[in-house]
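Here's the structure, in structure tokens; my notes come after.
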Amino acid sequence: MAPMLEILAKLGEPRGVSETYSQLDRQAVEELIYKYCYHFDRNQPEELSQLFSIDAVVDYGPEIANLTSRKQIFEMVSKGLSETFLATSHHISNVLVSFKSETSASSTSYLYAWHKYYSREEIGHLWGGYEHEFVKIEGKWFITNLKLFGVGMQDFHRDTMHSNGRKS
Amino acid sequence: MAPMLEILAKLGEPRGVSETYSQLDRQAVEELIYKYCYHFDRNQPEELSQLFSIDAVVDYGPEIANLTSRKQIFEMVSKGLSETFLATSHHISNVLVSFKSETSASSTSYLYAWHKYYSREEIGHLWGGYEHEFVKIEGKWFITNLKLFGVGMQDFHRDTMHSNGRKS
Amino acid sequence: MAPMLEILAKLGEPRGVSETYSQLDRQAVEELIYKYCYHFDRNQPEELSQLFSIDAVVDYGPEIANLTSRKQIFEMVSKGLSETFLATSHHISNVLVSFKSETSASSTSYLYAWHKYYSREEIGHLWGGYEHEFVKIEGKWFITNLKLFGVGMQDFHRDTMHSNGRKS
């Protein structure tokens with residue numbers, strides 16, 4: 001029995017080492033979600049793309065073909081930030097993270113996003129969220145899967161979004 | 001002196017065991033707030049009700065009689081989700097948790113909620129928050145008290161909400 | 001080698017003591033951001049001002065001279081809460097904290113703020129965020145610098161805000 005486990009056991013708490021360490025892993029994973037928004041809203045597609053694994057998949061919705069690499073993510077986000085969006089603000093909340101192993105995690109979170117466009121005056125609002133998958137490679141966490149869903153839209157530039165799975 | 005306390009004391013940090021453990025308790029409590037929203041917004045009243053203790057009390061505001069059991073919470077939320085709300089999105093933020101003991105905690109948080117109704121086109125917006133109380137029973141945390149307050153409303157289906165206590 | 005470091009090293013995790021402790025420091029710092037909103041939105045300028053160091057600097061934007069002391073922060077916020085704002089709701093999200101040392105930290109965060117005014121009916125909305133700096137004095141964290149930036153406004157009472165630094 002390792003020393004830390006022994007101590008925890010003596011104090012009557014049936015927790016393993018991985019749960020103790022996962023506070024830092026959890027934080028790293030949660031920060032990836034925030035950093036995606038940070039770089040998106042500051043027009044930093046290169047820094048944004050570096051948050052993803054090289055083979056990451058991004059699914060922005062049924063109207064758009066999946067992006068299937070860091071390179072495609074960089075290209076699509078670059079295009080969006082230079083041609084479509086004049087300003088954006090992506091507000092994340094309700095982050096729930098699950099760890100499958102010490103190097104694999106997933107999360108669901110909420111998003112309220114504000115969009116100013118180059119092409120028109122109306123502000124586009126989206127109420128929805130993200131489903132993420134994360135992988136830890138050589139000690140560093142990356143987003144390996146991002147799926148966007150929408151619950152409500154107002155003057156948004158999209159017609160159809162993935163559902164949050166609500167039973168009607 | 002327990003081993004962990006001894007180690008912390010040697011490192012010069014006057015913290016007890018409960019504060020070390022409360023990181024996981026704090027996470028569990030915070031996740032209950034998010035899971036309430038998750039299940040509400042996905043029309044899962046059964047899963048939602050299981051987040052509450054059997055004798056939990058929910059106070060949605062001065063116009064509505066308190067719900068005083070898990071069963072009543074299930075019934076009221078089921079009714080709301082099938083008759084009133086076509087879609088909802090409950091965005092939580094600013095969560096502040098306090099622990100009274102190792103098995104008792106309370107929190108205050110912010111809510112921005114978006115509501116689409118069966119009965120009309122206008123979207124109802126609520127800016128406000130929750131006050132929660134939590135209890136740990138046999139190692140698992142439950143919501144034992146939920147009070148909703150409102151600061152602002154736009155096309156919301158309610159007239160009067162509890163106040164956040166602001167001095168006018 | 002201190003006992004805790006020894007145990008972590010044995011378990012194969014190359015983390016120092018400060019990283020273990022910074023979970024509590026991180027929480028303290030994050031809670032300062034939330035408490036600022038809590039007290040602002042409840043018209044508690046005295047409690048709000050106590051979150052700042054005595055020589056704290058607040059920069060609400062290019063149109064307003066910096067506040068350069070806890071006393072000035074108290075006076076300006078008191079005035080705003082009694083003369084300008086009838087009700088407010090400051091929703092924080094996307095908090096990213098960095099520690100420079102054990103007693104110095106900074107953060108960037110998102111804000112969606114709702115404002116009801118004494119002088120008019122329209123609600124003022126702000127989408128933006130804060131940049132904070134924090135200092136730990138005699139074991140307690142304080143805000144020592146707050147800078148507000150705006151990405152979008154709707155019927156807000158201000159004309160010009162600091163930018164989030166987005167490259168156009």
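Letters for chains follow the order of the structure tokens (A, B, ...), residue numbers begin at 1 for each chain, and ligand numbers begin at 1 in the order shown.
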
Could you list the residues in chain B lying within 9 Å of chain A, using only C-alpha atoms, and format the result as a PyMOL selection string?
chain B and resi 2-4+17+21+23-24+30-31+33-35+37-39+41-44+82+86-93+114-116

Those same residues, written as a PDB file, in the first residue's frame with N, CA and C atoms?
```
ATOM      1  N   ALA B   2      -3.558  12.790  13.887  1.00  0.00           N
ATOM      2  CA  ALA B   2      -3.619  11.913  12.711  1.00  0.00           C
ATOM      3  C   ALA B   2      -2.455  12.233  11.773  1.00  0.00           C
ATOM      4  N   PRO B   3      -2.010  11.253  11.004  1.00  0.00           N
ATOM      5  CA  PRO B   3      -0.833  11.442  10.138  1.00  0.00           C
ATOM      6  C   PRO B   3      -0.947  12.654   9.209  1.00  0.00           C
ATOM      7  N   MET B   4      -2.098  12.835   8.530  1.00  0.00           N
ATOM      8  CA  MET B   4      -2.234  13.925   7.569  1.00  0.00           C
ATOM      9  C   MET B   4      -2.126  15.276   8.260  1.00  0.00           C
ATOM     10  N   VAL B  17      -7.905  18.373   8.339  1.00  0.00           N
ATOM     11  CA  VAL B  17      -8.236  17.348   7.354  1.00  0.00           C
ATOM     12  C   VAL B  17      -9.501  17.712   6.585  1.00  0.00           C
ATOM     13  N   TYR B  21     -10.248  17.507   2.467  1.00  0.00           N
ATOM     14  CA  TYR B  21     -11.283  16.670   1.864  1.00  0.00           C
ATOM     15  C   TYR B  21     -12.377  17.491   1.203  1.00  0.00           C
ATOM     16  N   GLN B  23     -12.456  19.691  -0.856  1.00  0.00           N
ATOM     17  CA  GLN B  23     -12.376  19.924  -2.300  1.00  0.00           C
ATOM     18  C   GLN B  23     -13.283  18.953  -3.046  1.00  0.00           C
ATOM     19  N   LEU B  24     -13.298  17.696  -2.628  1.00  0.00           N
ATOM     20  CA  LEU B  24     -14.178  16.725  -3.285  1.00  0.00           C
ATOM     21  C   LEU B  24     -15.636  16.941  -2.880  1.00  0.00           C
ATOM     22  N   GLU B  30     -21.365  21.349  -5.829  1.00  0.00           N
ATOM     23  CA  GLU B  30     -21.480  22.217  -7.004  1.00  0.00           C
ATOM     24  C   GLU B  30     -22.109  21.442  -8.165  1.00  0.00           C
ATOM     25  N   GLU B  31     -21.727  20.196  -8.303  1.00  0.00           N
ATOM     26  CA  GLU B  31     -22.265  19.386  -9.406  1.00  0.00           C
ATOM     27  C   GLU B  31     -23.763  19.126  -9.238  1.00  0.00           C
ATOM     28  N   ILE B  33     -25.916  21.289  -8.299  1.00  0.00           N
ATOM     29  CA  ILE B  33     -26.575  22.468  -8.889  1.00  0.00           C
ATOM     30  C   ILE B  33     -26.609  22.331 -10.407  1.00  0.00           C
ATOM     31  N   TYR B  34     -25.505  21.873 -10.986  1.00  0.00           N
ATOM     32  CA  TYR B  34     -25.435  21.730 -12.438  1.00  0.00           C
ATOM     33  C   TYR B  34     -26.314  20.576 -12.930  1.00  0.00           C
ATOM     34  N   LYS B  35     -26.341  19.496 -12.155  1.00  0.00           N
ATOM     35  CA  LYS B  35     -27.145  18.340 -12.577  1.00  0.00           C
ATOM     36  C   LYS B  35     -28.641  18.656 -12.543  1.00  0.00           C
ATOM     37  N   CYS B  37     -29.921  21.469 -13.379  1.00  0.00           N
ATOM     38  CA  CYS B  37     -30.158  22.151 -14.662  1.00  0.00           C
ATOM     39  C   CYS B  37     -30.104  21.159 -15.826  1.00  0.00           C
ATOM     40  N   TYR B  38     -29.103  20.290 -15.773  1.00  0.00           N
ATOM     41  CA  TYR B  38     -28.932  19.289 -16.836  1.00  0.00           C
ATOM     42  C   TYR B  38     -30.222  18.481 -17.024  1.00  0.00           C
ATOM     43  N   HIS B  39     -30.750  17.979 -15.927  1.00  0.00           N
ATOM     44  CA  HIS B  39     -31.949  17.133 -16.018  1.00  0.00           C
ATOM     45  C   HIS B  39     -33.203  17.962 -16.325  1.00  0.00           C
ATOM     46  N   ASP B  41     -33.354  20.696 -18.133  1.00  0.00           N
ATOM     47  CA  ASP B  41     -33.313  21.136 -19.532  1.00  0.00           C
ATOM     48  C   ASP B  41     -33.391  19.969 -20.516  1.00  0.00           C
ATOM     49  N   ARG B  42     -33.311  18.741 -20.004  1.00  0.00           N
ATOM     50  CA  ARG B  42     -33.460  17.558 -20.855  1.00  0.00           C
ATOM     51  C   ARG B  42     -34.744  16.790 -20.555  1.00  0.00           C
ATOM     52  N   ASN B  43     -35.629  17.440 -19.771  1.00  0.00           N
ATOM     53  CA  ASN B  43     -36.923  16.817 -19.442  1.00  0.00           C
ATOM     54  C   ASN B  43     -36.733  15.450 -18.787  1.00  0.00           C
ATOM     55  N   GLN B  44     -35.961  15.425 -17.718  1.00  0.00           N
ATOM     56  CA  GLN B  44     -35.694  14.189 -16.966  1.00  0.00           C
ATOM     57  C   GLN B  44     -36.084  14.408 -15.503  1.00  0.00           C
ATOM     58  N   SER B  82     -43.881  19.088 -18.989  1.00  0.00           N
ATOM     59  CA  SER B  82     -44.756  18.532 -20.032  1.00  0.00           C
ATOM     60  C   SER B  82     -45.841  19.521 -20.460  1.00  0.00           C
ATOM     61  N   LEU B  86     -41.493  24.192 -23.379  1.00  0.00           N
ATOM     62  CA  LEU B  86     -41.142  23.426 -24.570  1.00  0.00           C
ATOM     63  C   LEU B  86     -39.628  23.203 -24.629  1.00  0.00           C
ATOM     64  N   ALA B  87     -38.897  24.174 -24.107  1.00  0.00           N
ATOM     65  CA  ALA B  87     -37.432  24.075 -24.022  1.00  0.00           C
ATOM     66  C   ALA B  87     -36.951  25.083 -22.994  1.00  0.00           C
ATOM     67  N   THR B  88     -35.867  24.749 -22.309  1.00  0.00           N
ATOM     68  CA  THR B  88     -35.291  25.642 -21.300  1.00  0.00           C
ATOM     69  C   THR B  88     -33.770  25.524 -21.317  1.00  0.00           C
ATOM     70  N   SER B  89     -33.116  26.562 -20.792  1.00  0.00           N
ATOM     71  CA  SER B  89     -31.658  26.528 -20.643  1.00  0.00           C
ATOM     72  C   SER B  89     -31.291  27.321 -19.389  1.00  0.00           C
ATOM     73  N   HIS B  90     -30.790  26.623 -18.393  1.00  0.00           N
ATOM     74  CA  HIS B  90     -30.492  27.213 -17.077  1.00  0.00           C
ATOM     75  C   HIS B  90     -28.976  27.366 -16.907  1.00  0.00           C
ATOM     76  N   HIS B  91     -28.504  28.598 -17.014  1.00  0.00           N
ATOM     77  CA  HIS B  91     -27.065  28.874 -16.961  1.00  0.00           C
ATOM     78  C   HIS B  91     -26.680  29.356 -15.559  1.00  0.00           C
ATOM     79  N   ILE B  92     -25.899  28.535 -14.866  1.00  0.00           N
ATOM     80  CA  ILE B  92     -25.486  28.794 -13.483  1.00  0.00           C
ATOM     81  C   ILE B  92     -24.116  29.463 -13.466  1.00  0.00           C
ATOM     82  N   SER B  93     -23.903  30.354 -12.522  1.00  0.00           N
ATOM     83  CA  SER B  93     -22.548  30.901 -12.352  1.00  0.00           C
ATOM     84  C   SER B  93     -22.374  31.418 -10.932  1.00  0.00           C
ATOM     85  N   TRP B 114     -33.356  30.742 -19.706  1.00  0.00           N
ATOM     86  CA  TRP B 114     -34.030  30.992 -20.977  1.00  0.00           C
ATOM     87  C   TRP B 114     -35.167  29.973 -21.085  1.00  0.00           C
ATOM     88  N   HIS B 115     -36.385  30.444 -21.422  1.00  0.00           N
ATOM     89  CA  HIS B 115     -37.551  29.548 -21.431  1.00  0.00           C
ATOM     90  C   HIS B 115     -38.367  29.720 -22.703  1.00  0.00           C
ATOM     91  N   LYS B 116     -38.623  28.633 -23.369  1.00  0.00           N
ATOM     92  CA  LYS B 116     -39.548  28.610 -24.513  1.00  0.00           C
ATOM     93  C   LYS B 116     -40.805  27.886 -24.050  1.00  0.00           C
TER      94      LYS B 116
END
```

Any idea what's packed within 8 Å of Leu148 of chain A, counting only C-alpha atoms, ignoring anything in its chain fewer than 2 positions away? Could you give it as a list in words?
Asp59, Tyr60, Gly61, Gly128, Gly129, Tyr130, Glu131, Leu146, Gly150, Met161 and His162 of chain A

Write to file, as a compact mmCIF listing (two decimals), in the first residue's frame, the residues of the selection just made, with all heavy atoms.
```txt
# COMPACT_ATOMS: atom_id res chain seq x y z
N ASP A 59 -17.58 18.90 -34.30
CA ASP A 59 -18.90 18.78 -34.93
C ASP A 59 -19.72 20.00 -34.52
O ASP A 59 -20.30 20.06 -33.45
CB ASP A 59 -19.56 17.49 -34.44
CG ASP A 59 -20.93 17.28 -35.06
OD1 ASP A 59 -21.42 18.19 -35.76
OD2 ASP A 59 -21.52 16.20 -34.83
N TYR A 60 -19.74 21.01 -35.41
CA TYR A 60 -20.47 22.26 -35.11
C TYR A 60 -21.97 22.13 -35.44
O TYR A 60 -22.71 23.08 -35.23
CB TYR A 60 -19.87 23.44 -35.87
CG TYR A 60 -18.59 24.00 -35.25
CD1 TYR A 60 -17.49 24.31 -36.05
CD2 TYR A 60 -18.50 24.25 -33.89
CE1 TYR A 60 -16.33 24.85 -35.50
CE2 TYR A 60 -17.33 24.79 -33.33
CZ TYR A 60 -16.26 25.08 -34.14
OH TYR A 60 -15.11 25.61 -33.59
N GLY A 61 -22.38 21.01 -36.00
CA GLY A 61 -23.80 20.84 -36.24
C GLY A 61 -24.09 20.12 -37.53
O GLY A 61 -23.19 19.89 -38.34
N GLY A 128 -27.02 27.12 -25.58
CA GLY A 128 -26.82 25.71 -25.84
C GLY A 128 -25.68 25.17 -25.00
O GLY A 128 -25.61 25.47 -23.80
N GLY A 129 -24.81 24.41 -25.64
CA GLY A 129 -23.69 23.86 -24.88
C GLY A 129 -22.75 23.04 -25.72
O GLY A 129 -22.91 22.93 -26.95
N TYR A 130 -21.79 22.47 -25.05
CA TYR A 130 -20.78 21.64 -25.69
C TYR A 130 -20.72 20.28 -25.02
O TYR A 130 -20.91 20.15 -23.81
CB TYR A 130 -19.38 22.26 -25.55
CG TYR A 130 -19.15 23.54 -26.29
CD1 TYR A 130 -18.93 24.73 -25.59
CD2 TYR A 130 -19.10 23.58 -27.68
CE1 TYR A 130 -18.68 25.92 -26.26
CE2 TYR A 130 -18.85 24.76 -28.35
CZ TYR A 130 -18.65 25.93 -27.64
OH TYR A 130 -18.40 27.10 -28.31
N GLU A 131 -20.40 19.28 -25.82
CA GLU A 131 -19.92 18.01 -25.28
C GLU A 131 -18.48 17.86 -25.75
O GLU A 131 -18.19 17.98 -26.94
CB GLU A 131 -20.78 16.84 -25.79
CG GLU A 131 -22.17 16.87 -25.15
CD GLU A 131 -23.14 15.91 -25.81
OE1 GLU A 131 -22.68 15.06 -26.60
OE2 GLU A 131 -24.35 16.02 -25.56
N LEU A 146 -15.17 17.77 -29.93
CA LEU A 146 -16.05 18.87 -29.51
C LEU A 146 -17.32 18.77 -30.33
O LEU A 146 -17.28 18.69 -31.56
CB LEU A 146 -15.37 20.22 -29.74
CG LEU A 146 -16.15 21.50 -29.42
CD1 LEU A 146 -15.19 22.67 -29.20
CD2 LEU A 146 -17.16 21.87 -30.51
N GLY A 150 -27.47 23.24 -29.65
CA GLY A 150 -28.23 24.46 -29.44
C GLY A 150 -29.60 24.16 -28.86
O GLY A 150 -30.25 23.20 -29.26
N MET A 161 -29.40 23.13 -35.39
CA MET A 161 -28.31 22.77 -34.49
C MET A 161 -28.55 21.35 -33.98
O MET A 161 -29.66 20.84 -34.00
CB MET A 161 -28.29 23.72 -33.29
CG MET A 161 -28.18 25.19 -33.64
SD MET A 161 -26.60 25.61 -34.43
CE MET A 161 -25.47 25.38 -33.05
N HIS A 162 -27.48 20.74 -33.47
CA HIS A 162 -27.69 19.49 -32.75
C HIS A 162 -28.55 19.76 -31.52
O HIS A 162 -28.51 20.84 -30.94
CB HIS A 162 -26.34 18.91 -32.29
CG HIS A 162 -25.56 18.27 -33.39
ND1 HIS A 162 -26.08 17.28 -34.18
CD2 HIS A 162 -24.30 18.49 -33.82
CE1 HIS A 162 -25.17 16.91 -35.06
NE2 HIS A 162 -24.07 17.63 -34.86
```

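Taking atom CA of Ser106 of chain A as the reference point, atom CA of Phe74 of chain B is found at 28.3 Å.
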
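When only C-alpha atoms are used to compute distances to Ser53 of chain B, the closest of the residues B:Phe134, B:Phe149, B:Phe156, B:Phe99 turns out to be B:Phe134.
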
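Close contacts of segment 100-102 of chain B, defined as residues with an atom at most 8 Å away when counting only C-alpha atoms, with chain neighbours fewer than 2 positions off set aside, comprise Ser18, Ser22, Ser98, Ser104, Ala105, Ser106 and Lys136 of chain B.
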
Could you turn the residues from that selection into a file that holds C-alpha atoms, as a PDB file, in the first residue's frame?
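Saved result, result_31.pdb, follows:
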```pdb
ATOM      1  CA  SER B  18     -11.755  18.518   6.628  1.00  0.00           C
ATOM      2  CA  SER B  22     -13.774  19.439   1.206  1.00  0.00           C
ATOM      3  CA  SER B  98     -20.018  27.191   2.651  1.00  0.00           C
ATOM      4  CA  SER B 104     -23.922  20.002   5.803  1.00  0.00           C
ATOM      5  CA  ALA B 105     -23.334  22.808   3.304  1.00  0.00           C
ATOM      6  CA  SER B 106     -25.075  25.765   1.726  1.00  0.00           C
ATOM      7  CA  LYS B 136     -24.504  14.292   3.054  1.00  0.00           C
TER       8      LYS B 136
END
```

Correct to one decimal, the distance atom CA of Asn66 of chain C-atom CA of Arg26 of chain C is 26.5 Å

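Take atom CA of Ile73 of chain B and atom CA of Ile137 of chain B: the distance between them is 19.1 Å.
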
Might you pull out every residue within 8 Å of Tyr118 of chain A, with only C-alpha atoms counted and same-chain residues fewer than 3 positions away left off, and present them as number ranges by chain?
A: 83-86

Find the residues near Ile143 of chain A: any atom within 7 Å, counting only C-alpha atoms, skip ones fewer than 2 places away on the same chain, and give them as a list in words.
Leu51, Phe52, Ser53, Ala56, His132, Glu133, Phe134, Val135 and Asn145 of chain A

Store the residues of this selection in a file with N, CA, C and O atoms, as a PDB file, in the first residue's frame.
```
ATOM      1  N   LEU A  51      -5.083  23.748 -28.794  1.00  0.00           N
ATOM      2  CA  LEU A  51      -5.783  23.109 -27.664  1.00  0.00           C
ATOM      3  C   LEU A  51      -6.291  21.729 -28.048  1.00  0.00           C
ATOM      4  O   LEU A  51      -6.669  20.938 -27.190  1.00  0.00           O
ATOM      5  N   PHE A  52      -6.315  21.447 -29.359  1.00  0.00           N
ATOM      6  CA  PHE A  52      -6.857  20.194 -29.859  1.00  0.00           C
ATOM      7  C   PHE A  52      -5.737  19.200 -30.176  1.00  0.00           C
ATOM      8  O   PHE A  52      -4.643  19.602 -30.587  1.00  0.00           O
ATOM      9  N   SER A  53      -6.062  17.910 -30.037  1.00  0.00           N
ATOM     10  CA  SER A  53      -5.119  16.889 -30.494  1.00  0.00           C
ATOM     11  C   SER A  53      -5.048  16.944 -32.022  1.00  0.00           C
ATOM     12  O   SER A  53      -5.938  17.492 -32.684  1.00  0.00           O
ATOM     13  N   ALA A  56      -8.109  15.607 -33.745  1.00  0.00           N
ATOM     14  CA  ALA A  56      -9.365  15.974 -33.078  1.00  0.00           C
ATOM     15  C   ALA A  56     -10.503  16.138 -34.082  1.00  0.00           C
ATOM     16  O   ALA A  56     -10.280  16.499 -35.244  1.00  0.00           O
ATOM     17  N   HIS A 132     -17.597  17.643 -24.795  1.00  0.00           N
ATOM     18  CA  HIS A 132     -16.167  17.524 -25.098  1.00  0.00           C
ATOM     19  C   HIS A 132     -15.643  16.156 -24.711  1.00  0.00           C
ATOM     20  O   HIS A 132     -16.116  15.547 -23.758  1.00  0.00           O
ATOM     21  N   GLU A 133     -14.629  15.717 -25.443  1.00  0.00           N
ATOM     22  CA  GLU A 133     -13.797  14.612 -24.978  1.00  0.00           C
ATOM     23  C   GLU A 133     -12.356  15.093 -24.957  1.00  0.00           C
ATOM     24  O   GLU A 133     -11.942  15.898 -25.796  1.00  0.00           O
ATOM     25  N   PHE A 134     -11.619  14.593 -23.968  1.00  0.00           N
ATOM     26  CA  PHE A 134     -10.252  15.045 -23.732  1.00  0.00           C
ATOM     27  C   PHE A 134      -9.319  13.852 -23.631  1.00  0.00           C
ATOM     28  O   PHE A 134      -9.716  12.783 -23.163  1.00  0.00           O
ATOM     29  N   VAL A 135      -8.087  14.066 -24.036  1.00  0.00           N
ATOM     30  CA  VAL A 135      -7.077  13.019 -23.903  1.00  0.00           C
ATOM     31  C   VAL A 135      -5.802  13.637 -23.337  1.00  0.00           C
ATOM     32  O   VAL A 135      -5.473  14.793 -23.645  1.00  0.00           O
ATOM     33  N   ASN A 145     -12.399  15.860 -28.996  1.00  0.00           N
ATOM     34  CA  ASN A 145     -13.727  15.853 -29.595  1.00  0.00           C
ATOM     35  C   ASN A 145     -14.531  17.020 -29.048  1.00  0.00           C
ATOM     36  O   ASN A 145     -14.571  17.223 -27.829  1.00  0.00           O
TER      37      ASN A 145
END
```

Residue list (strand (DSSP E), DSSP) for chain C, as a ChimeraX atom specification:
/C:52-59,85-101,104-117,124-137,140-154

Run DSSP on the backbone of this structure and report the residues of segment 23-164 of chain A it assigns to helix (DSSP H, G or I), as a ChimeraX atom specification.
/A:23-41,45-49,70-84

Can you write out the residues you just picked, keeping N, CA and C atoms, as a compact mmCIF listing (two decimals), in the first residue's frame?
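Result file follows (out.txt):
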```
# COMPACT_ATOMS: atom_id res chain seq x y z
N GLN A 23 -8.07 16.46 -9.13
CA GLN A 23 -8.40 17.87 -8.99
C GLN A 23 -7.59 18.71 -9.98
N LEU A 24 -6.32 18.38 -10.13
CA LEU A 24 -5.50 19.13 -11.09
C LEU A 24 -5.84 18.76 -12.53
N ASP A 25 -6.14 17.49 -12.76
CA ASP A 25 -6.56 17.08 -14.11
C ASP A 25 -7.89 17.74 -14.47
N ARG A 26 -8.80 17.74 -13.52
CA ARG A 26 -10.11 18.36 -13.74
C ARG A 26 -9.95 19.83 -14.10
N GLN A 27 -9.08 20.48 -13.38
CA GLN A 27 -8.84 21.90 -13.65
C GLN A 27 -8.25 22.09 -15.05
N ALA A 28 -7.33 21.25 -15.43
CA ALA A 28 -6.69 21.36 -16.75
C ALA A 28 -7.73 21.19 -17.86
N VAL A 29 -8.61 20.23 -17.67
CA VAL A 29 -9.65 19.93 -18.66
C VAL A 29 -10.66 21.09 -18.75
N GLU A 30 -11.07 21.59 -17.60
CA GLU A 30 -12.03 22.70 -17.57
C GLU A 30 -11.40 23.94 -18.23
N GLU A 31 -10.13 24.15 -17.98
CA GLU A 31 -9.46 25.32 -18.55
C GLU A 31 -9.36 25.23 -20.07
N LEU A 32 -9.32 24.02 -20.62
CA LEU A 32 -9.31 23.89 -22.09
C LEU A 32 -10.59 24.46 -22.69
N ILE A 33 -11.70 24.22 -22.03
CA ILE A 33 -12.98 24.76 -22.52
C ILE A 33 -12.95 26.28 -22.50
N TYR A 34 -12.43 26.84 -21.42
CA TYR A 34 -12.36 28.30 -21.30
C TYR A 34 -11.36 28.90 -22.28
N LYS A 35 -10.23 28.20 -22.48
CA LYS A 35 -9.20 28.73 -23.38
C LYS A 35 -9.69 28.74 -24.83
N TYR A 36 -10.49 27.74 -25.19
CA TYR A 36 -11.11 27.74 -26.52
C TYR A 36 -11.87 29.05 -26.73
N CYS A 37 -12.68 29.42 -25.75
CA CYS A 37 -13.47 30.66 -25.84
C CYS A 37 -12.56 31.88 -25.85
N TYR A 38 -11.59 31.85 -24.95
CA TYR A 38 -10.64 32.97 -24.85
C TYR A 38 -10.01 33.25 -26.21
N HIS A 39 -9.49 32.22 -26.86
CA HIS A 39 -8.80 32.42 -28.14
C HIS A 39 -9.79 32.72 -29.27
N PHE A 40 -10.95 32.08 -29.25
CA PHE A 40 -11.96 32.38 -30.27
C PHE A 40 -12.33 33.87 -30.21
N ASP A 41 -12.63 34.34 -29.01
CA ASP A 41 -13.15 35.71 -28.87
C ASP A 41 -12.08 36.77 -29.03
N PRO A 45 -6.80 32.03 -33.85
CA PRO A 45 -7.10 30.66 -34.31
C PRO A 45 -5.92 29.70 -34.14
N GLU A 46 -4.70 30.22 -34.24
CA GLU A 46 -3.53 29.35 -34.08
C GLU A 46 -3.47 28.81 -32.65
N GLU A 47 -3.59 29.72 -31.67
CA GLU A 47 -3.56 29.30 -30.27
C GLU A 47 -4.75 28.39 -29.96
N LEU A 48 -5.91 28.70 -30.55
CA LEU A 48 -7.09 27.85 -30.36
C LEU A 48 -6.83 26.43 -30.87
N SER A 49 -6.27 26.32 -32.06
CA SER A 49 -6.09 25.00 -32.65
C SER A 49 -5.13 24.14 -31.84
N ARG A 70 -6.59 18.93 -36.44
CA ARG A 70 -6.22 20.25 -35.90
C ARG A 70 -6.07 21.26 -37.03
N LYS A 71 -5.56 20.79 -38.15
CA LYS A 71 -5.34 21.67 -39.30
C LYS A 71 -6.69 22.20 -39.84
N GLN A 72 -7.67 21.29 -39.98
CA GLN A 72 -8.99 21.72 -40.46
C GLN A 72 -9.66 22.66 -39.46
N ILE A 73 -9.47 22.40 -38.17
CA ILE A 73 -10.04 23.27 -37.14
C ILE A 73 -9.45 24.67 -37.29
N PHE A 74 -8.14 24.72 -37.44
CA PHE A 74 -7.47 26.02 -37.63
C PHE A 74 -8.03 26.75 -38.85
N GLU A 75 -8.18 26.04 -39.95
CA GLU A 75 -8.63 26.68 -41.19
C GLU A 75 -10.07 27.19 -41.08
N MET A 76 -10.96 26.36 -40.53
CA MET A 76 -12.37 26.74 -40.41
C MET A 76 -12.55 27.90 -39.44
N VAL A 77 -11.88 27.83 -38.30
CA VAL A 77 -12.02 28.90 -37.31
C VAL A 77 -11.39 30.19 -37.83
N SER A 78 -10.26 30.09 -38.50
CA SER A 78 -9.63 31.27 -39.11
C SER A 78 -10.59 31.96 -40.07
N LYS A 79 -11.21 31.16 -40.92
CA LYS A 79 -12.16 31.69 -41.90
C LYS A 79 -13.35 32.37 -41.21
N GLY A 80 -13.90 31.70 -40.21
CA GLY A 80 -15.04 32.26 -39.48
C GLY A 80 -14.69 33.58 -38.81
N LEU A 81 -13.50 33.63 -38.22
CA LEU A 81 -13.11 34.82 -37.46
C LEU A 81 -12.74 35.99 -38.36
N SER A 82 -12.34 35.69 -39.61
CA SER A 82 -11.96 36.80 -40.49
C SER A 82 -13.09 37.20 -41.43
N GLU A 83 -14.04 36.27 -41.70
CA GLU A 83 -15.07 36.58 -42.70
C GLU A 83 -16.48 36.74 -42.11
N THR A 84 -16.77 36.03 -41.03
CA THR A 84 -18.14 36.02 -40.50
C THR A 84 -18.31 36.86 -39.25
```
